[in-house]
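The next block is run_33.txt, given as compact mmCIF, C-alpha atoms and all ligand atoms.
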# COMPACT_ATOMS: atom_id res chain seq x y z
CA THR A 17 95.83 82.10 93.45
CA MET A 18 97.04 84.35 96.21
CA ASP A 19 95.10 87.33 97.42
CA PHE A 20 97.58 89.97 98.51
CA ALA A 21 97.16 92.24 101.48
CA SER A 22 96.29 95.82 100.68
CA ARG A 23 99.14 97.02 102.91
CA VAL A 24 101.67 95.82 100.37
CA GLU A 25 99.59 96.49 97.29
CA ARG A 26 99.31 100.20 98.07
CA VAL A 27 103.09 100.61 98.08
CA GLU A 28 105.26 101.08 94.98
CA PRO A 29 108.59 99.30 94.66
CA SER A 30 111.60 101.52 95.31
CA ALA A 31 112.19 103.99 92.46
CA THR A 32 115.92 103.81 93.03
CA LEU A 33 115.77 100.11 92.22
CA ALA A 34 114.80 100.79 88.60
CA ILE A 35 117.88 102.99 88.26
CA SER A 36 120.27 100.45 89.72
CA ASN A 37 118.75 97.74 87.50
CA ALA A 38 119.38 99.89 84.44
CA ALA A 39 122.93 100.57 85.65
CA SER A 40 123.61 96.86 86.24
CA GLU A 41 122.29 95.97 82.79
CA LEU A 42 124.58 98.51 81.14
CA GLU A 43 127.54 97.26 83.15
CA ALA A 44 126.74 93.67 82.19
CA GLU A 45 126.87 94.82 78.55
CA GLY A 46 130.41 96.06 79.24
CA HIS A 47 129.68 99.79 79.63
CA ASP A 48 131.44 101.92 82.22
CA VAL A 49 128.72 103.47 84.38
CA VAL A 50 129.38 106.39 86.73
CA ASP A 51 127.05 105.44 89.54
CA LEU A 52 125.97 108.51 91.49
CA SER A 53 122.70 106.94 92.59
CA VAL A 54 123.81 105.05 95.66
CA GLY A 55 123.12 106.02 99.25
CA GLU A 56 126.18 104.47 100.80
CA PRO A 57 129.67 105.72 101.64
CA ASP A 58 132.39 104.38 99.34
CA PHE A 59 134.86 103.86 102.21
CA PRO A 60 135.63 100.56 103.90
CA THR A 61 134.37 100.07 107.45
CA PRO A 62 137.15 101.30 109.81
CA GLU A 63 139.62 98.48 110.47
CA ASN A 64 139.27 98.48 114.26
CA VAL A 65 135.51 98.07 113.90
CA VAL A 66 135.95 95.09 111.57
CA GLN A 67 138.45 93.64 114.05
CA ALA A 68 136.01 94.11 116.94
CA GLY A 69 133.40 92.17 114.95
CA LYS A 70 135.86 89.33 114.29
CA ASP A 71 137.00 89.28 117.90
CA ALA A 72 133.41 89.08 119.09
CA MET A 73 132.76 86.14 116.80
CA ASP A 74 135.92 84.41 118.03
CA ALA A 75 134.85 85.05 121.60
CA GLY A 76 131.63 83.19 120.89
CA HIS A 77 129.20 86.11 120.71
CA THR A 78 127.11 84.26 118.18
CA GLY A 79 123.85 83.57 119.99
CA TYR A 80 120.69 85.61 120.46
CA THR A 81 121.01 88.71 122.63
CA SER A 82 118.40 90.48 124.74
CA SER A 83 115.81 91.59 122.27
CA ASN A 84 116.47 95.33 122.58
CA GLY A 85 120.27 94.97 122.45
CA ILE A 86 123.33 94.13 124.54
CA PRO A 87 123.79 96.35 127.60
CA GLU A 88 127.31 97.50 126.51
CA LEU A 89 125.93 98.87 123.26
CA LYS A 90 122.83 100.42 124.79
CA ASP A 91 125.04 102.16 127.36
CA ALA A 92 127.38 103.40 124.62
CA ILE A 93 124.35 104.70 122.71
CA VAL A 94 123.00 106.49 125.79
CA ASP A 95 126.43 108.17 126.17
CA LYS A 96 126.49 109.16 122.48
CA LEU A 97 122.99 110.61 122.73
CA ALA A 98 123.97 112.48 125.90
CA ASP A 99 126.81 114.08 123.88
CA ASP A 100 124.10 115.27 121.47
CA GLY A 101 122.22 116.87 124.38
CA LEU A 102 119.69 114.05 124.61
CA ASP A 103 118.60 112.53 127.88
CA TYR A 104 117.48 108.93 127.34
CA ALA A 105 117.66 106.01 129.77
CA THR A 106 119.17 102.65 128.74
CA ASP A 107 115.73 101.03 128.68
CA GLU A 108 114.51 103.67 126.23
CA VAL A 109 116.95 102.42 123.56
CA VAL A 110 116.15 99.71 121.00
CA VAL A 111 119.00 98.33 118.89
CA THR A 112 117.79 97.32 115.45
CA PRO A 113 119.15 95.57 112.34
CA GLY A 114 119.55 98.88 110.48
CA GLY A 115 117.92 102.22 111.11
CA LYS A 116 115.27 101.33 108.56
CA GLN A 117 113.90 98.57 110.78
CA GLY A 118 113.76 101.05 113.65
CA LEU A 119 111.70 103.48 111.58
CA PHE A 120 109.38 100.67 110.57
CA GLU A 121 108.80 99.61 114.18
CA VAL A 122 108.15 103.18 115.32
CA ILE A 123 105.77 104.03 112.46
CA MET A 124 103.90 100.74 112.84
CA SER A 125 103.54 101.41 116.56
CA LEU A 126 102.24 104.96 116.18
CA ILE A 127 100.17 105.00 113.01
CA ASP A 128 96.70 103.53 112.64
CA ASP A 129 94.43 103.61 109.60
CA GLY A 130 93.75 107.22 108.65
CA ASP A 131 96.30 108.81 111.01
CA GLU A 132 98.03 111.82 109.50
CA VAL A 133 101.80 111.98 109.07
CA VAL A 134 103.56 115.14 107.88
CA LEU A 135 106.68 114.91 105.70
CA LEU A 136 109.02 117.63 104.53
CA ASP A 137 109.62 117.31 100.80
CA PRO A 138 111.80 116.23 99.22
CA ALA A 139 111.73 113.31 101.64
CA TRP A 140 113.51 109.95 101.74
CA VAL A 141 111.40 107.41 99.86
CA SER A 142 110.88 104.87 102.65
CA TYR A 143 108.96 107.23 104.96
CA GLU A 144 106.06 107.35 102.53
CA ALA A 145 106.12 103.60 101.94
CA MET A 146 106.13 102.81 105.66
CA VAL A 147 103.31 105.25 106.43
CA LYS A 148 101.23 103.75 103.62
CA MET A 149 101.84 100.22 104.88
CA ALA A 150 100.71 101.36 108.32
CA GLY A 151 97.53 102.76 106.73
CA GLY A 152 98.35 106.39 107.49
CA THR A 153 97.71 109.40 105.28
CA LEU A 154 100.40 111.83 104.17
CA SER A 155 100.52 115.60 104.21
CA ARG A 156 103.58 117.23 102.72
CA VAL A 157 105.35 120.55 102.86
CA ASP A 158 107.66 121.44 99.97
CA THR A 159 111.00 123.01 100.93
CA SER A 160 112.33 123.13 97.36
CA PRO A 161 111.39 126.81 96.79
CA TYR A 162 113.75 127.67 99.66
CA ASP A 163 116.87 125.77 98.62
CA PHE A 164 115.51 122.96 100.80
CA GLN A 165 115.74 124.96 104.01
CA LEU A 166 112.98 124.49 106.56
CA GLU A 167 113.06 127.86 108.31
CA PRO A 168 111.45 129.77 105.39
CA ALA A 169 108.83 127.01 105.07
CA LEU A 170 107.69 127.16 108.70
CA ASP A 171 104.53 129.14 107.86
CA GLU A 172 103.53 126.47 105.36
CA LEU A 173 104.30 123.80 107.93
CA ALA A 174 102.08 125.63 110.41
CA ASP A 175 99.25 125.51 107.84
CA VAL A 176 99.60 121.74 107.53
CA VAL A 177 100.19 120.62 111.12
CA SER A 178 96.99 120.46 113.16
CA ASP A 179 95.51 118.68 116.15
CA ASP A 180 94.73 115.84 113.75
CA THR A 181 98.42 115.32 112.99
CA GLU A 182 99.82 112.23 114.68
CA LEU A 183 103.44 112.34 113.56
CA LEU A 184 105.98 114.61 111.91
CA VAL A 185 109.18 113.24 110.39
CA VAL A 186 112.26 115.48 110.36
CA ASN A 187 115.51 114.37 108.73
CA SER A 188 118.47 116.69 109.22
CA PRO A 189 120.93 116.44 107.56
CA SER A 190 118.52 115.36 104.88
CA ASN A 191 118.48 112.59 102.36
CA PRO A 192 118.03 113.58 99.49
CA THR A 193 118.95 117.28 99.86
CA GLY A 194 121.87 117.37 102.30
CA ALA A 195 120.16 120.33 104.00
CA VAL A 196 120.91 120.93 107.66
CA TYR A 197 118.02 122.73 109.33
CA SER A 198 118.77 125.87 111.36
CA ASP A 199 118.15 126.07 115.09
CA ALA A 200 115.31 128.51 114.41
CA ALA A 201 113.71 125.91 112.13
CA MET A 202 114.04 123.24 114.80
CA GLU A 203 112.50 125.57 117.37
CA GLY A 204 109.65 126.23 114.96
CA VAL A 205 109.06 122.49 114.68
CA ARG A 206 109.11 122.23 118.46
CA ASP A 207 106.54 124.98 118.87
CA LEU A 208 104.16 123.31 116.43
CA ALA A 209 104.68 119.85 117.91
CA VAL A 210 103.97 121.12 121.42
CA GLU A 211 100.99 123.25 120.34
CA HIS A 212 99.30 120.38 118.51
CA ASP A 213 100.59 117.51 120.64
CA VAL A 214 102.39 115.79 117.78
CA ALA A 215 105.03 113.05 118.02
CA VAL A 216 108.22 113.69 116.05
CA ILE A 217 110.70 111.28 114.53
CA SER A 218 114.10 112.94 114.32
CA ASP A 219 116.05 110.87 111.79
CA GLU A 220 119.66 111.74 112.62
CA ILE A 221 121.39 109.09 110.55
CA TYR A 222 123.56 111.72 108.79
CA LYS A 223 124.22 113.80 111.92
CA GLU A 224 127.93 112.96 111.99
CA ILE A 225 128.38 114.08 108.37
CA THR A 226 128.24 117.88 108.33
CA TYR A 227 130.52 120.59 107.00
CA GLY A 228 131.26 123.41 109.43
CA VAL A 229 127.81 123.33 111.04
CA GLU A 230 126.05 121.04 113.49
CA SER A 231 122.55 119.69 113.26
CA THR A 232 120.67 120.20 116.51
CA SER A 233 118.93 117.12 117.89
CA LEU A 234 115.22 117.91 118.15
CA GLY A 235 114.84 115.87 121.32
CA SER A 236 117.24 118.22 123.11
CA LEU A 237 114.84 121.17 122.87
CA ASP A 238 112.56 122.08 125.76
CA GLY A 239 109.24 120.30 125.50
CA MET A 240 110.50 117.66 123.07
CA GLY A 241 111.85 114.99 125.41
CA ASP A 242 108.55 113.16 125.84
CA ARG A 243 107.46 113.37 122.19
CA THR A 244 110.65 112.72 120.20
CA ILE A 245 111.87 109.46 118.75
CA THR A 246 115.57 109.85 117.94
CA LEU A 247 116.57 107.52 115.12
CA ASN A 248 120.15 106.78 114.21
CA GLY A 249 122.36 104.08 112.76
CA PHE A 250 125.86 103.00 111.88
CA SER A 251 125.50 102.74 108.08
CA LYS A 252 126.46 106.26 107.08
CA ALA A 253 128.76 107.69 109.79
CA TYR A 254 130.88 104.55 110.10
CA SER A 255 130.45 103.18 106.58
CA MET A 256 128.70 100.05 107.86
CA THR A 257 125.73 99.68 105.50
CA GLY A 258 125.99 95.90 105.15
CA TRP A 259 126.40 95.22 108.85
CA ARG A 260 122.78 96.26 109.39
CA LEU A 261 122.92 98.09 112.70
CA GLY A 262 120.87 101.02 113.94
CA TYR A 263 118.83 102.15 116.91
CA TYR A 264 116.12 104.41 118.20
CA ALA A 265 115.57 106.03 121.55
CA ALA A 266 112.05 106.96 122.57
CA PRO A 267 109.81 107.53 125.57
CA GLN A 268 109.37 104.32 127.58
CA ALA A 269 105.66 103.99 126.77
CA LEU A 270 106.43 103.81 123.04
CA VAL A 271 109.35 101.42 123.54
CA ASP A 272 107.04 99.13 125.54
CA GLN A 273 104.80 98.88 122.46
CA SER A 274 107.39 98.87 119.67
CA SER A 275 109.50 96.25 121.50
CA LYS A 276 106.67 93.80 120.88
CA LEU A 277 107.01 94.34 117.13
CA HIS A 278 110.77 94.07 117.52
CA SER A 279 110.83 90.86 119.54
CA HIS A 280 108.14 89.15 117.47
CA SER A 281 109.83 89.97 114.14
CA VAL A 282 113.63 90.34 114.23
CA SER A 283 114.20 89.03 117.79
CA CYS A 284 117.43 91.04 118.04
CA ALA A 285 120.21 92.60 115.98
CA VAL A 286 123.16 90.32 115.16
CA ASN A 287 125.17 89.64 118.31
CA PHE A 288 128.77 90.19 117.10
CA VAL A 289 127.65 93.16 115.00
CA GLN A 290 126.42 94.82 118.17
CA HIS A 291 129.88 94.37 119.69
CA ALA A 292 131.43 96.02 116.63
CA GLY A 293 128.93 98.82 117.16
CA VAL A 294 130.41 99.59 120.58
CA GLU A 295 133.83 100.03 118.95
CA ALA A 296 132.30 102.22 116.23
CA LEU A 297 130.74 104.56 118.79
CA GLN A 298 133.83 104.74 120.98
CA ASN A 299 136.92 104.60 118.77
CA THR A 300 136.35 106.05 115.33
CA GLU A 301 136.75 109.77 115.81
CA ASP A 302 139.71 110.03 113.39
CA ALA A 303 138.23 107.70 110.79
CA VAL A 304 134.95 109.63 110.76
CA ALA A 305 136.78 112.96 110.53
CA GLU A 306 138.74 111.66 107.52
CA MET A 307 135.60 110.53 105.70
CA VAL A 308 133.79 113.77 106.42
CA GLU A 309 136.77 115.74 105.11
CA ALA A 310 136.75 113.74 101.88
CA PHE A 311 132.98 114.25 101.49
CA GLU A 312 133.41 117.97 102.00
CA SER A 313 135.97 118.38 99.21
CA ARG A 314 133.80 116.31 96.89
CA ARG A 315 130.80 118.45 97.74
CA ASP A 316 132.79 121.58 96.91
CA LEU A 317 133.96 120.03 93.66
CA LEU A 318 130.48 118.91 92.56
CA VAL A 319 128.83 122.23 93.41
CA ASP A 320 131.56 124.02 91.42
CA LEU A 321 131.19 121.68 88.46
CA PHE A 322 127.45 122.30 88.22
CA ASP A 323 128.02 125.99 88.73
CA ASP A 324 130.51 125.97 85.81
CA HIS A 325 127.69 124.64 83.65
CA GLY A 326 125.23 127.23 84.93
CA VAL A 327 123.12 124.66 86.78
CA HIS A 328 121.79 125.73 90.17
CA ALA A 329 122.27 123.42 93.11
CA ALA A 330 121.77 124.48 96.72
CA THR A 331 125.02 123.90 98.61
CA PRO A 332 124.33 121.15 101.14
CA ASP A 333 125.80 121.40 104.64
CA GLY A 334 125.61 117.68 105.36
CA ALA A 335 125.13 114.09 104.18
CA PHE A 336 126.59 113.22 100.74
CA TYR A 337 123.89 114.23 98.28
CA LEU A 338 123.41 117.14 95.93
CA MET A 339 120.09 118.05 94.29
CA PRO A 340 120.61 120.19 91.22
CA GLU A 341 117.61 121.54 89.34
CA VAL A 342 117.87 119.61 86.07
CA ALA A 343 114.72 119.68 83.95
CA ASP A 344 110.94 119.96 84.19
CA ASP A 345 110.74 116.30 83.29
CA ASP A 346 113.28 114.96 85.76
CA GLN A 347 112.38 111.35 85.01
CA ALA A 348 113.20 111.80 81.32
CA TRP A 349 116.40 113.61 82.30
CA CYS A 350 117.50 110.76 84.57
CA GLU A 351 116.64 108.22 81.87
CA ALA A 352 118.76 110.13 79.36
CA ALA A 353 121.54 110.43 81.94
CA ILE A 354 121.72 106.68 82.40
CA GLU A 355 120.97 105.60 78.81
CA ASP A 356 123.04 108.19 76.91
CA ALA A 357 125.66 109.44 79.38
CA HIS A 358 125.87 106.25 81.46
CA VAL A 359 125.56 108.29 84.62
CA ALA A 360 123.18 106.92 87.26
CA THR A 361 121.16 109.47 89.26
CA VAL A 362 117.77 109.43 91.00
CA PRO A 363 114.85 111.61 89.80
CA GLY A 364 113.57 114.20 92.28
CA SER A 365 110.01 113.00 91.73
CA ALA A 366 110.94 109.81 93.60
CA PHE A 367 111.27 112.08 96.66
CA GLY A 368 108.15 114.13 95.94
CA THR A 369 110.03 116.95 94.15
CA PRO A 370 109.95 116.90 90.35
CA GLY A 371 112.43 119.05 88.44
CA TYR A 372 115.48 117.90 90.39
CA ALA A 373 117.82 114.93 90.43
CA ARG A 374 119.68 113.48 93.39
CA LEU A 375 123.38 112.81 92.92
CA SER A 376 125.40 111.04 95.55
CA TYR A 377 128.98 112.20 95.96
CA ALA A 378 130.04 109.02 97.70
CA ALA A 379 132.37 108.58 94.71
CA SER A 380 135.94 109.63 93.92
CA GLU A 381 136.66 113.14 92.63
CA GLU A 382 137.82 111.60 89.37
CA ARG A 383 134.48 109.82 88.89
CA LEU A 384 132.54 112.96 89.82
CA LYS A 385 134.41 114.94 87.16
CA GLU A 386 133.88 112.16 84.63
CA GLY A 387 130.16 111.99 85.43
CA VAL A 388 129.55 115.71 85.05
CA GLN A 389 131.63 115.81 81.85
CA ARG A 390 129.49 113.06 80.34
CA LEU A 391 126.26 114.82 81.30
CA ALA A 392 127.58 117.99 79.65
CA ASP A 393 128.71 116.09 76.53
CA GLU A 394 125.18 114.69 76.11
CA GLY A 395 123.72 118.17 76.37
CA LEU A 396 122.06 117.44 79.70
CA LEU A 397 123.55 120.44 81.53
N1 LIG A 401 117.17 107.27 107.13
C1 LIG A 401 117.64 107.85 106.02
C2 LIG A 401 117.29 109.27 105.75
C3 LIG A 401 118.42 107.12 105.12
O1 LIG A 401 118.90 107.71 104.01
C4 LIG A 401 118.69 105.76 105.39
C5 LIG A 401 119.45 104.93 104.42
O2 LIG A 401 119.45 105.14 103.24
C6 LIG A 401 118.17 105.21 106.57
C7 LIG A 401 117.42 105.99 107.41
C8 LIG A 401 118.37 103.78 106.97
O3 LIG A 401 119.66 103.28 106.89
P1 LIG A 401 120.04 101.89 107.52
O4 LIG A 401 118.84 101.02 107.52
O5 LIG A 401 121.13 101.36 106.64
O6 LIG A 401 120.53 102.16 108.92

Is it possible to express this structure as structure tokens?
Amino acid sequence: TMDFASRVERVEPSATLAISNAASELEAEGHDVVDLSVGEPDFPTPENVVQAGKDAMDAGHTGYTSSNGIPELKDAIVDKLADDGLDYATDEVVVTPGGKQGLFEVIMSLIDDGDEVVLLDPAWVSYEAMVKMAGGTLSRVDTSPYDFQLEPALDELADVVSDDTELLVVNSPSNPTGAVYSDAAMEGVRDLAVEHDVAVISDEIYKEITYGVESTSLGSLDGMGDRTITLNGFSKAYSMTGWRLGYYAAPQALVDQSSKLHSHSVSCAVNFVQHAGVEALQNTEDAVAEMVEAFESRRDLLVDLFDDHGVHAATPDGAFYLMPEVADDDQAWCEAAIEDAHVATVPGSAFGTPGYARLSYAASEERLKEGVQRLADEGLL
């Protein structure tokens, strides 16, 4: 018999998986499921990006690339980051097969057994799993009493962050809340990180998807350049989830270490996908604007629908998620939502915040209306 490593045994399988399994089973039985559980845009990848991928394949870009990415893409990433006020050199960029792989490499490179990592709850599920696999310990600050804003929670964050803290993870706009943190909140994070000499991962994968506000890049603040890992990817902004393309930019000393993990595991991101990535960064302004506009009207619709039913949900300024406060037992609520109303959602407890559910509005307005109507009909609102 096999004796499994504790690094995998201490991690739970993804909670969202149980939901999608239940949804698939119902669909296989012929039921119509309104799936609001998914974390991916419902738009096709922009046509010119698809074409660039095909052209690259035709041109023979099908072999390995330099481990950290093709120079054209790394240069395009450096330019994009410069637009965000970030000053990274080409060699400080690592192109990864998905942002998730980038996070994994960074966390594995920074966290030893017993190192403390601070998360802001509710937090995306994979941060916890990765920290646990690395052997780290978690400290958490709950933003749910403040409509998921960080600024009012800064005092609590100050109580948690100490000289023993190795790493803080900030995700704005946030999955699962859609919250965009204020500049004052970001400056508060900076002050704590500098005071206690803490490294910060700024997960900016939803940065392009905001409604009338901008999310400041933490690495652009004074004192943050040499302690910030800026993480981003192509999945959300350019609707490229299945292409698996992302990147991080970090101080050279970290990249020197994490590149070893990168080259000894994935070798490199897919060659022709990297070429499509250049097109995505350079020629998708209109396509992105169109998607963001659609997300914004859906957000308005969904917030209004919950409001009509007297259910409180903080209005998110970014990403494509809404977290209404649904029931003390959010797991039971989500089970009833899928079993009785055939609406798939994710319980807040999966993100460290019981009492809430996460709904994705990467779905048509018609489906959003249908979903909320069904929840109301089953007495769940
Ligand atoms: N970070 C956050 C907060 C996410 O929600 C996701 C995807 O769900 C990722 C990172 C990673 O995305 P990908 O690996 O598709 O680039």

Tell me, in Å to one decimal, how far CA of Leu126 (chain A) is from CA of Gly152 (chain A).
9.6 Å

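Distances here use only C-alpha atoms and all ligand atoms; by that measure, the residue among A:Val50, A:Ile221, A:Leu384, A:Ile86 closest to ligand LIG 401 (chain A) is A:Ile221.
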
Measuring atom to atom with all atoms listed in the file, identify which of A:Met256, A:Val94, A:Ala379, A:Val342 is nearest to ligand LIG 401 (chain A).
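Between A:Met256, A:Val94, A:Ala379, A:Val342, the residue approaching ligand LIG 401 (chain A) most closely is A:Met256.
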
May I ask you to write as a PyMOL selection string all residues lying at most 9 Å from ligand LIG 401 (chain A), with only C-alpha atoms and all ligand atoms counted?
chain A and resi 54-56+112-119+139-143+187-192+219-222+247-252+256-263+335

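Using only C-alpha atoms, the nearest neighbour of Thr369 (chain A) within the list A:Leu97, A:Val186, A:Met18, A:Val157 is A:Val157.
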
Atomic separation - CA of Arg243 (chain A) relative to CA of His212 (chain A), Å
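Rounded to one decimal, the two atoms are 11.4 Å apart.
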
Would you pick out the contacts of region 196-210 of chain A at 8 Å or less, using only C-alpha atoms, so that residues sharing its chain but fewer than 4 positions from it are not included, and give the list as a list of chain:residue names?
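The contact residues come out as A:Gln165, A:Leu166, A:Glu167, A:Leu170, A:Ala174, A:Val177, A:Ser188, A:Pro189, A:Ser190, A:Val214, A:Ala215, A:Val216, A:Thr226, A:Glu230, A:Ser231, A:Thr232, A:Leu234, A:Leu237, A:Gly239, A:Met240, A:Pro332, A:Asp333, A:Gly334.
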